[in-house]
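Worksheet: the structure to be examined is printed underneath.
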Amino acid sequence: MGTEFVSCSFLLLLFTTLAPAVASDGVGVLRLPSMDFDAQNQGRSSAHIGHSSSASSADAIKDPTAKVFALIKDLVVGNRMAISFPYKEPSSVEFYPKQVTQNIPFSSDAVPWLLRFFSFSPDSKQALGMRQTLALCEKEPKQGDIRGCVTSIESLVQFARRILGPGTEVEILRSSLVSKSTPLVQNYTVLDFKEVATGNIVPCHNQPYPYPVYHCHYQLGIHNKVFKVFLRGDNGELVDSVFFCHMDTSKLTDDHVAFRLLGVKPGESEVCHFFTAYDLATVPFIPK
Ligand SMILES: *[C@@H]1O[C@H](CO)[C@@H](O)[C@H](O)[C@H]1NC(C)=O
């Protein structure tokens with residue numbers, strides 16, 4: 001179903017190509033577009049769940065891009081639900097070849113050089129996004145966290161192996177891109193679904209940068225699950241989506257928009273959301 005297989009000599013990468021869904025981080029970090037819409041995510045509404053305050057929770061409920069949350073019990077073949085899959089240009093989500101990115105410095109120290117290289121003026125939006133992305137990428141992980149940024153498929157696989165284990169064949173899951181004419185929100189019918197992984201899942205999110213850069217984040221001991229869900233939009237668009245579930249929601253605040261939208265309470269239920277095409281999940285590859 002629209003799934004592309006990309007294999008590199010020693011590893012097997014599998015891209016689920018179809019439609020975008022939404023974003024998530026490790027547990028405890030599911031940012032929502034209008035909730036902590038910060039410069040890290042400017043222009044890319046990334047829906048995450050986190051400890052963010054709910055000041056804008058009422059607005060977030062009305063925000064069409066918040067239509068990404070669901071529960072595992074909603075995965076029923078034939079079920080119809082409204083979901084937001086924003087359109088993105090493939091050029092903003094597909095990694096550049098390593099040969100291109102490995103020779104470009106990637107550090108805050110190199111910003112003056114990078115601004116000249118990309119011809120950005122120092123106070124431009126692009127320069128701001130670049131500085132913020134580099135600052136995020138250079139942030140020290142908290143205890144129990146593993147985080148970092150990747151600029152190529154190879155660096156993504158290397159990062160994932162720190163968590164999934166050396167030599168693990170890594171499967172990269174991503175919701176497929178929708179076409180430009182697909183409505184931001186429409187009803188989708190569940191055609192099929194399957195659980196892909198539980199436990200070791202490394203989510204990564206696209207950050208503002210002149211070429212695709214993903215921030216990956218993993219919390220030790222956190223229980224997540226990921227599903228592939230095959231959907232058909234009312235406009236006929238087929239979406240091969242990634243559905244990411246935070247199984248432990250006890251540490252989230254109960255005013256999070258996801259709980260309001262789903263009518264559940266922290267700790268009582270999992271919270272899941274559809275990934276966009278600009279979020280990735282890496283899991284151990286399990287041959288059929
Ligand atoms: C989805 O379908 C429901 C029920 O048919 C309808 O009320 C709702 O307006 C639809 N939503 C969208 C975004 O089309």
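To be explicit about the labels: the chains of the structure tokens are called A, B, and onward in the order shown, and within each one the residues are counted from 1, while ligands get numbers from 1 in the order they are shown.
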Residues within 7 Å of ligand 1, counting only C-alpha atoms and all ligand atoms, as a PDB file with all heavy atoms, in the first residue's frame:
ATOM      1  N   MET A  81     -13.166   8.948  11.109  1.00  0.00           N
ATOM      2  CA  MET A  81     -12.853  10.049  12.021  1.00  0.00           C
ATOM      3  C   MET A  81     -12.191  11.207  11.292  1.00  0.00           C
ATOM      4  O   MET A  81     -11.528  11.020  10.274  1.00  0.00           O
ATOM      5  CB  MET A  81     -11.993   9.568  13.197  1.00  0.00           C
ATOM      6  CG  MET A  81     -10.762   8.790  12.843  1.00  0.00           C
ATOM      7  SD  MET A  81      -9.987   8.131  14.358  1.00  0.00           S
ATOM      8  CE  MET A  81      -9.368   6.560  13.734  1.00  0.00           C
ATOM      9  N   ALA A  82     -12.401  12.406  11.841  1.00  0.00           N
ATOM     10  CA  ALA A  82     -11.803  13.603  11.252  1.00  0.00           C
ATOM     11  C   ALA A  82     -10.347  13.688  11.716  1.00  0.00           C
ATOM     12  O   ALA A  82     -10.067  13.620  12.907  1.00  0.00           O
ATOM     13  CB  ALA A  82     -12.568  14.843  11.683  1.00  0.00           C
ATOM     14  N   VAL A 185      -8.237  19.186   7.158  1.00  0.00           N
ATOM     15  CA  VAL A 185      -8.964  18.230   7.999  1.00  0.00           C
ATOM     16  C   VAL A 185     -10.077  17.627   7.160  1.00  0.00           C
ATOM     17  O   VAL A 185     -10.785  18.351   6.462  1.00  0.00           O
ATOM     18  CB  VAL A 185      -9.624  18.921   9.222  1.00  0.00           C
ATOM     19  CG1 VAL A 185     -10.356  17.896  10.081  1.00  0.00           C
ATOM     20  CG2 VAL A 185      -8.594  19.657  10.053  1.00  0.00           C
ATOM     21  N   GLN A 186     -10.199  16.345   7.193  1.00  0.00           N
ATOM     22  CA  GLN A 186     -11.350  15.685   6.576  1.00  0.00           C
ATOM     23  C   GLN A 186     -11.575  14.364   7.294  1.00  0.00           C
ATOM     24  O   GLN A 186     -10.747  13.944   8.111  1.00  0.00           O
ATOM     25  CB  GLN A 186     -11.133  15.476   5.076  1.00  0.00           C
ATOM     26  CG  GLN A 186     -10.018  14.496   4.742  1.00  0.00           C
ATOM     27  CD  GLN A 186      -9.981  14.107   3.255  1.00  0.00           C
ATOM     28  OE1 GLN A 186     -10.966  14.247   2.546  1.00  0.00           O
ATOM     29  NE2 GLN A 186      -8.836  13.616   2.802  1.00  0.00           N
ATOM     30  N   ASN A 187     -12.693  13.726   7.001  1.00  0.00           N
ATOM     31  CA  ASN A 187     -12.945  12.423   7.601  1.00  0.00           C
ATOM     32  C   ASN A 187     -12.177  11.345   6.843  1.00  0.00           C
ATOM     33  O   ASN A 187     -12.121  11.354   5.618  1.00  0.00           O
ATOM     34  CB  ASN A 187     -14.442  12.105   7.569  1.00  0.00           C
ATOM     35  CG  ASN A 187     -15.189  12.808   8.682  1.00  0.00           C
ATOM     36  OD1 ASN A 187     -14.750  12.783   9.835  1.00  0.00           O
ATOM     37  ND2 ASN A 187     -16.307  13.444   8.365  1.00  0.00           N
TER      38      ASN A 187
END
- Message: Need to verify the contact set: region 142-151 of chain A, 8 Å, only C-alpha atoms, exclusion of same-chain residues closer than 4 positions in sequence. Can you return it as a list of chain:residue names?
- Response: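 Here the answer would be A:Phe95, A:Tyr96, A:Lys98, A:Thr101, A:Cys137, A:Glu138, A:Ser155, A:Leu156, A:Phe159, A:Pro212, A:Val213, A:Tyr214, A:His215, A:Cys216, A:His217, A:Tyr218, A:Gln219, A:Leu220.
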- Message: Quick check for you: according to DSSP on this backbone, which residues of region 19-256 of chain A are classed as strand (DSSP E)? Reply as a PyMOL selection string.
- Response: chain A and resi 69-70+80-84+145-150+170-173+185-198+202-207+213-219+224-233+238-246
- Note on the structure: The residue from A:Leu114, A:Val170, A:Ala70, A:Val190 with the smallest atom-to-atom distance to Arg131 (chain A), counting only C-alpha atoms, is A:Leu114
- Item | Residue neighbourhood Pro210 (chain A), 8 Å, only C-alpha atoms, exclusion window fewer than 2 positions, as a list in words | Phe118, Gln126, Met130, Pro208 and Pro212 of chain A
Expected file contents, prior selection, C-alpha atoms, as an mmCIF file, in the first residue's frame:
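What landed in again-v3.cif:
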data_model
loop_
_atom_site.group_PDB
_atom_site.id
_atom_site.type_symbol
_atom_site.label_atom_id
_atom_site.label_comp_id
_atom_site.auth_asym_id
_atom_site.auth_seq_id
_atom_site.Cartn_x
_atom_site.Cartn_y
_atom_site.Cartn_z
ATOM 1 C CA PHE A 118 22.870 30.192 2.938
ATOM 2 C CA GLN A 126 15.395 31.690 8.618
ATOM 3 C CA MET A 130 18.440 28.044 12.378
ATOM 4 C CA PRO A 208 13.245 24.585 10.885
ATOM 5 C CA PRO A 212 15.830 18.585 6.571
#
- Using only C-alpha atoms, the best pick from A:Ala66, A:Ile201, A:Ile83, A:Val111 as closest to Phe285 (chain A) would be A:Ile201
- Message: Taking 4 positions as the minimum chain separation for residues in the same chain, which residues sit within 7 Å of region 243-248 of chain A when counting only C-alpha atoms? Answer as a list in words.
- Response: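 Surrounding residues, per the criterion: Val27, His223, Asn224, Lys225, Val226, Phe227, Lys228, Val229, Gly267, Glu270, Val271, Cys272, His273, Phe274 and Phe275 of chain A.
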Grab the residues selected above and save them as a short mmCIF file (atom, residue, chain, number, x, y, z; two decimals), in the first residue's frame with N, CA and C atoms.
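Once everything was written out, this is result_4.cif:
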data_model
loop_
_atom_site.label_atom_id
_atom_site.label_comp_id
_atom_site.auth_asym_id
_atom_site.auth_seq_id
_atom_site.Cartn_x
_atom_site.Cartn_y
_atom_site.Cartn_z
N VAL A 27 7.65 10.12 25.79
CA VAL A 27 6.45 10.33 26.58
C VAL A 27 6.55 11.64 27.28
N HIS A 223 6.87 3.70 28.18
CA HIS A 223 6.13 2.71 27.41
C HIS A 223 5.30 3.37 26.30
N ASN A 224 5.70 3.12 25.08
CA ASN A 224 4.97 3.63 23.92
C ASN A 224 4.60 2.49 22.99
N LYS A 225 3.70 2.76 22.11
CA LYS A 225 3.32 1.78 21.10
C LYS A 225 3.17 2.52 19.78
N VAL A 226 3.45 1.84 18.69
CA VAL A 226 3.21 2.48 17.40
C VAL A 226 2.49 1.52 16.47
N PHE A 227 1.54 2.07 15.74
CA PHE A 227 0.73 1.32 14.80
C PHE A 227 0.88 1.93 13.41
N LYS A 228 0.65 1.10 12.40
CA LYS A 228 0.45 1.64 11.05
C LYS A 228 -1.06 1.60 10.82
N VAL A 229 -1.59 2.69 10.37
CA VAL A 229 -3.04 2.73 10.12
C VAL A 229 -3.24 3.17 8.67
N GLY A 267 -3.42 9.10 33.17
CA GLY A 267 -3.17 7.88 33.93
C GLY A 267 -4.24 6.81 33.73
N GLU A 270 -4.41 5.53 27.60
CA GLU A 270 -3.35 5.97 26.70
C GLU A 270 -3.84 7.19 25.92
N VAL A 271 -2.91 7.92 25.33
CA VAL A 271 -3.26 8.98 24.40
C VAL A 271 -2.44 8.74 23.14
N CYS A 272 -3.12 8.70 22.02
CA CYS A 272 -2.41 8.44 20.76
C CYS A 272 -2.64 9.60 19.81
N HIS A 273 -1.74 9.73 18.88
CA HIS A 273 -1.97 10.72 17.83
C HIS A 273 -1.32 10.30 16.54
N PHE A 274 -1.91 10.80 15.46
CA PHE A 274 -1.38 10.51 14.12
C PHE A 274 -0.18 11.41 13.88
N PHE A 275 0.86 10.83 13.30
CA PHE A 275 2.06 11.60 12.94
C PHE A 275 1.86 12.27 11.60
#
- Option closest in space to Asn235 (chain A), from A:Trp113, A:Phe120, A:Tyr211, A:Tyr188 [counting only C-alpha atoms]: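 Comparing A:Trp113, A:Phe120, A:Tyr211, A:Tyr188 against Asn235 (chain A), the winner is A:Tyr188.
When DSSP reads the backbone of this structure, the residues of region 158-200 of chain A it assigns to helix (DSSP H, G or I) are Gln158, Phe159, Ala160, Arg161, Arg162, Ile163 and Leu164 of chain A.
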Include all heavy atoms and write out the residues we just selected as a PDB file, in the first residue's frame.
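Contents of the output file result-v1.pdb:
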ATOM      1  N   GLN A 158      22.216   5.608  12.961  1.00  0.00           N
ATOM      2  CA  GLN A 158      23.226   5.572  14.009  1.00  0.00           C
ATOM      3  C   GLN A 158      22.621   5.982  15.357  1.00  0.00           C
ATOM      4  O   GLN A 158      22.856   5.334  16.375  1.00  0.00           O
ATOM      5  CB  GLN A 158      24.326   6.570  13.634  1.00  0.00           C
ATOM      6  CG  GLN A 158      25.679   6.231  14.169  1.00  0.00           C
ATOM      7  CD  GLN A 158      26.708   7.196  13.576  1.00  0.00           C
ATOM      8  OE1 GLN A 158      26.369   8.256  13.038  1.00  0.00           O
ATOM      9  NE2 GLN A 158      27.969   6.826  13.665  1.00  0.00           N
ATOM     10  N   PHE A 159      21.820   7.040  15.332  1.00  0.00           N
ATOM     11  CA  PHE A 159      21.176   7.495  16.568  1.00  0.00           C
ATOM     12  C   PHE A 159      20.236   6.409  17.097  1.00  0.00           C
ATOM     13  O   PHE A 159      20.260   6.058  18.283  1.00  0.00           O
ATOM     14  CB  PHE A 159      20.392   8.794  16.324  1.00  0.00           C
ATOM     15  CG  PHE A 159      19.754   9.340  17.577  1.00  0.00           C
ATOM     16  CD1 PHE A 159      20.429  10.253  18.368  1.00  0.00           C
ATOM     17  CD2 PHE A 159      18.501   8.908  17.981  1.00  0.00           C
ATOM     18  CE1 PHE A 159      19.864  10.733  19.545  1.00  0.00           C
ATOM     19  CE2 PHE A 159      17.925   9.379  19.160  1.00  0.00           C
ATOM     20  CZ  PHE A 159      18.609  10.290  19.941  1.00  0.00           C
ATOM     21  N   ALA A 160      19.417   5.855  16.213  1.00  0.00           N
ATOM     22  CA  ALA A 160      18.429   4.849  16.630  1.00  0.00           C
ATOM     23  C   ALA A 160      19.115   3.636  17.244  1.00  0.00           C
ATOM     24  O   ALA A 160      18.624   3.049  18.206  1.00  0.00           O
ATOM     25  CB  ALA A 160      17.569   4.447  15.440  1.00  0.00           C
ATOM     26  N   ARG A 161      20.282   3.281  16.707  1.00  0.00           N
ATOM     27  CA  ARG A 161      20.997   2.102  17.217  1.00  0.00           C
ATOM     28  C   ARG A 161      21.548   2.306  18.621  1.00  0.00           C
ATOM     29  O   ARG A 161      21.822   1.337  19.318  1.00  0.00           O
ATOM     30  CB  ARG A 161      22.131   1.717  16.264  1.00  0.00           C
ATOM     31  CG  ARG A 161      21.597   1.014  15.042  1.00  0.00           C
ATOM     32  CD  ARG A 161      22.736   0.631  14.140  1.00  0.00           C
ATOM     33  NE  ARG A 161      22.220  -0.173  13.035  1.00  0.00           N
ATOM     34  CZ  ARG A 161      22.863  -0.350  11.905  1.00  0.00           C
ATOM     35  NH1 ARG A 161      24.049   0.198  11.736  1.00  0.00           N
ATOM     36  NH2 ARG A 161      22.336  -1.083  10.962  1.00  0.00           N
ATOM     37  N   ARG A 162      21.734   3.561  19.011  1.00  0.00           N
ATOM     38  CA  ARG A 162      22.159   3.812  20.401  1.00  0.00           C
ATOM     39  C   ARG A 162      21.075   3.327  21.346  1.00  0.00           C
ATOM     40  O   ARG A 162      21.334   2.985  22.499  1.00  0.00           O
ATOM     41  CB  ARG A 162      22.371   5.319  20.635  1.00  0.00           C
ATOM     42  CG  ARG A 162      23.624   5.860  19.994  1.00  0.00           C
ATOM     43  CD  ARG A 162      23.694   7.368  20.091  1.00  0.00           C
ATOM     44  NE  ARG A 162      23.616   7.857  21.459  1.00  0.00           N
ATOM     45  CZ  ARG A 162      23.392   9.125  21.806  1.00  0.00           C
ATOM     46  NH1 ARG A 162      23.216  10.028  20.859  1.00  0.00           N
ATOM     47  NH2 ARG A 162      23.347   9.484  23.057  1.00  0.00           N
ATOM     48  N   ILE A 163      19.841   3.331  20.884  1.00  0.00           N
ATOM     49  CA  ILE A 163      18.719   2.950  21.735  1.00  0.00           C
ATOM     50  C   ILE A 163      18.244   1.535  21.415  1.00  0.00           C
ATOM     51  O   ILE A 163      17.979   0.740  22.305  1.00  0.00           O
ATOM     52  CB  ILE A 163      17.573   3.970  21.540  1.00  0.00           C
ATOM     53  CG1 ILE A 163      18.045   5.337  22.072  1.00  0.00           C
ATOM     54  CG2 ILE A 163      16.302   3.524  22.249  1.00  0.00           C
ATOM     55  CD1 ILE A 163      17.453   6.496  21.354  1.00  0.00           C
ATOM     56  N   LEU A 164      18.156   1.229  20.136  1.00  0.00           N
ATOM     57  CA  LEU A 164      17.613  -0.074  19.737  1.00  0.00           C
ATOM     58  C   LEU A 164      18.662  -1.182  19.821  1.00  0.00           C
ATOM     59  O   LEU A 164      18.324  -2.355  19.800  1.00  0.00           O
ATOM     60  CB  LEU A 164      17.039   0.000  18.317  1.00  0.00           C
ATOM     61  CG  LEU A 164      16.024   1.131  18.063  1.00  0.00           C
ATOM     62  CD1 LEU A 164      15.540   1.095  16.621  1.00  0.00           C
ATOM     63  CD2 LEU A 164      14.838   1.044  19.017  1.00  0.00           C
TER      64      LEU A 164
END
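The spacing separating CA of Pro90 (chain A) from CA of Lys125 (chain A) amounts to 21.0 Å.
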- Message: Considering only C-alpha atoms, can you say which of A:Pro122, A:Phe85, A:Ile153, A:Asp254 comes closest to Val242 (chain A)?
- Response: A:Phe85
- Could you check which of A:Ser152, A:Thr249, A:Ser175, A:Ser269 is closest to Pro97 (chain A), using only C-alpha atoms? A:Ser152
- Task: Take CA of Glu195 (chain A) and CA of Val283 (chain A) and report the distance between them in Å, one decimal.
- Result: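 Distance reported for this atom pair: 11.6 Å.
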- Message: Just want the 12 Å neighbourhood of Glu237 (chain A), counted on only C-alpha atoms, with same-chain residues fewer than 4 positions away dropped. Output as a ChimeraX atom specification.
- Response: /A:2,18-20,85,176-183,186-189,230-233,241
- Query: What does the distance from CA of Phe69 (chain A) to CA of Ala197 (chain A) come to in Å, to one decimal?
  - Reply: 18.8 Å
- Message: List as a PyMOL selection string the protein and nucleic acid residues near Pro266 (chain A), meaning an atom at most 8 Å away when only C-alpha atoms are counted, but skip any in the same chain fewer than 4 places from it.
- Response: chain A and resi 249-254+259
- Message: Calculated over only C-alpha atoms, which of the candidates A:Leu115, A:His256, A:Asp240, A:Ile222 has the smallest distance to Lys194 (chain A)?
- Response: A:Asp240
Residue neighbourhood Ile61 (chain A), 8 Å, only C-alpha atoms, exclusion window fewer than 5 positions, as a short mmCIF file (atom, residue, chain, number, x, y, z; two decimals) with C-alpha atoms, in the first residue's frame:
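File written: part-v1.cif
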data_model
loop_
_atom_site.label_atom_id
_atom_site.label_comp_id
_atom_site.auth_asym_id
_atom_site.auth_seq_id
_atom_site.Cartn_x
_atom_site.Cartn_y
_atom_site.Cartn_z
CA ALA A 66 -5.51 19.43 16.89
CA VAL A 257 -6.23 19.40 25.08
CA ARG A 260 -10.45 17.17 26.66
CA LEU A 261 -10.77 16.04 23.09
#
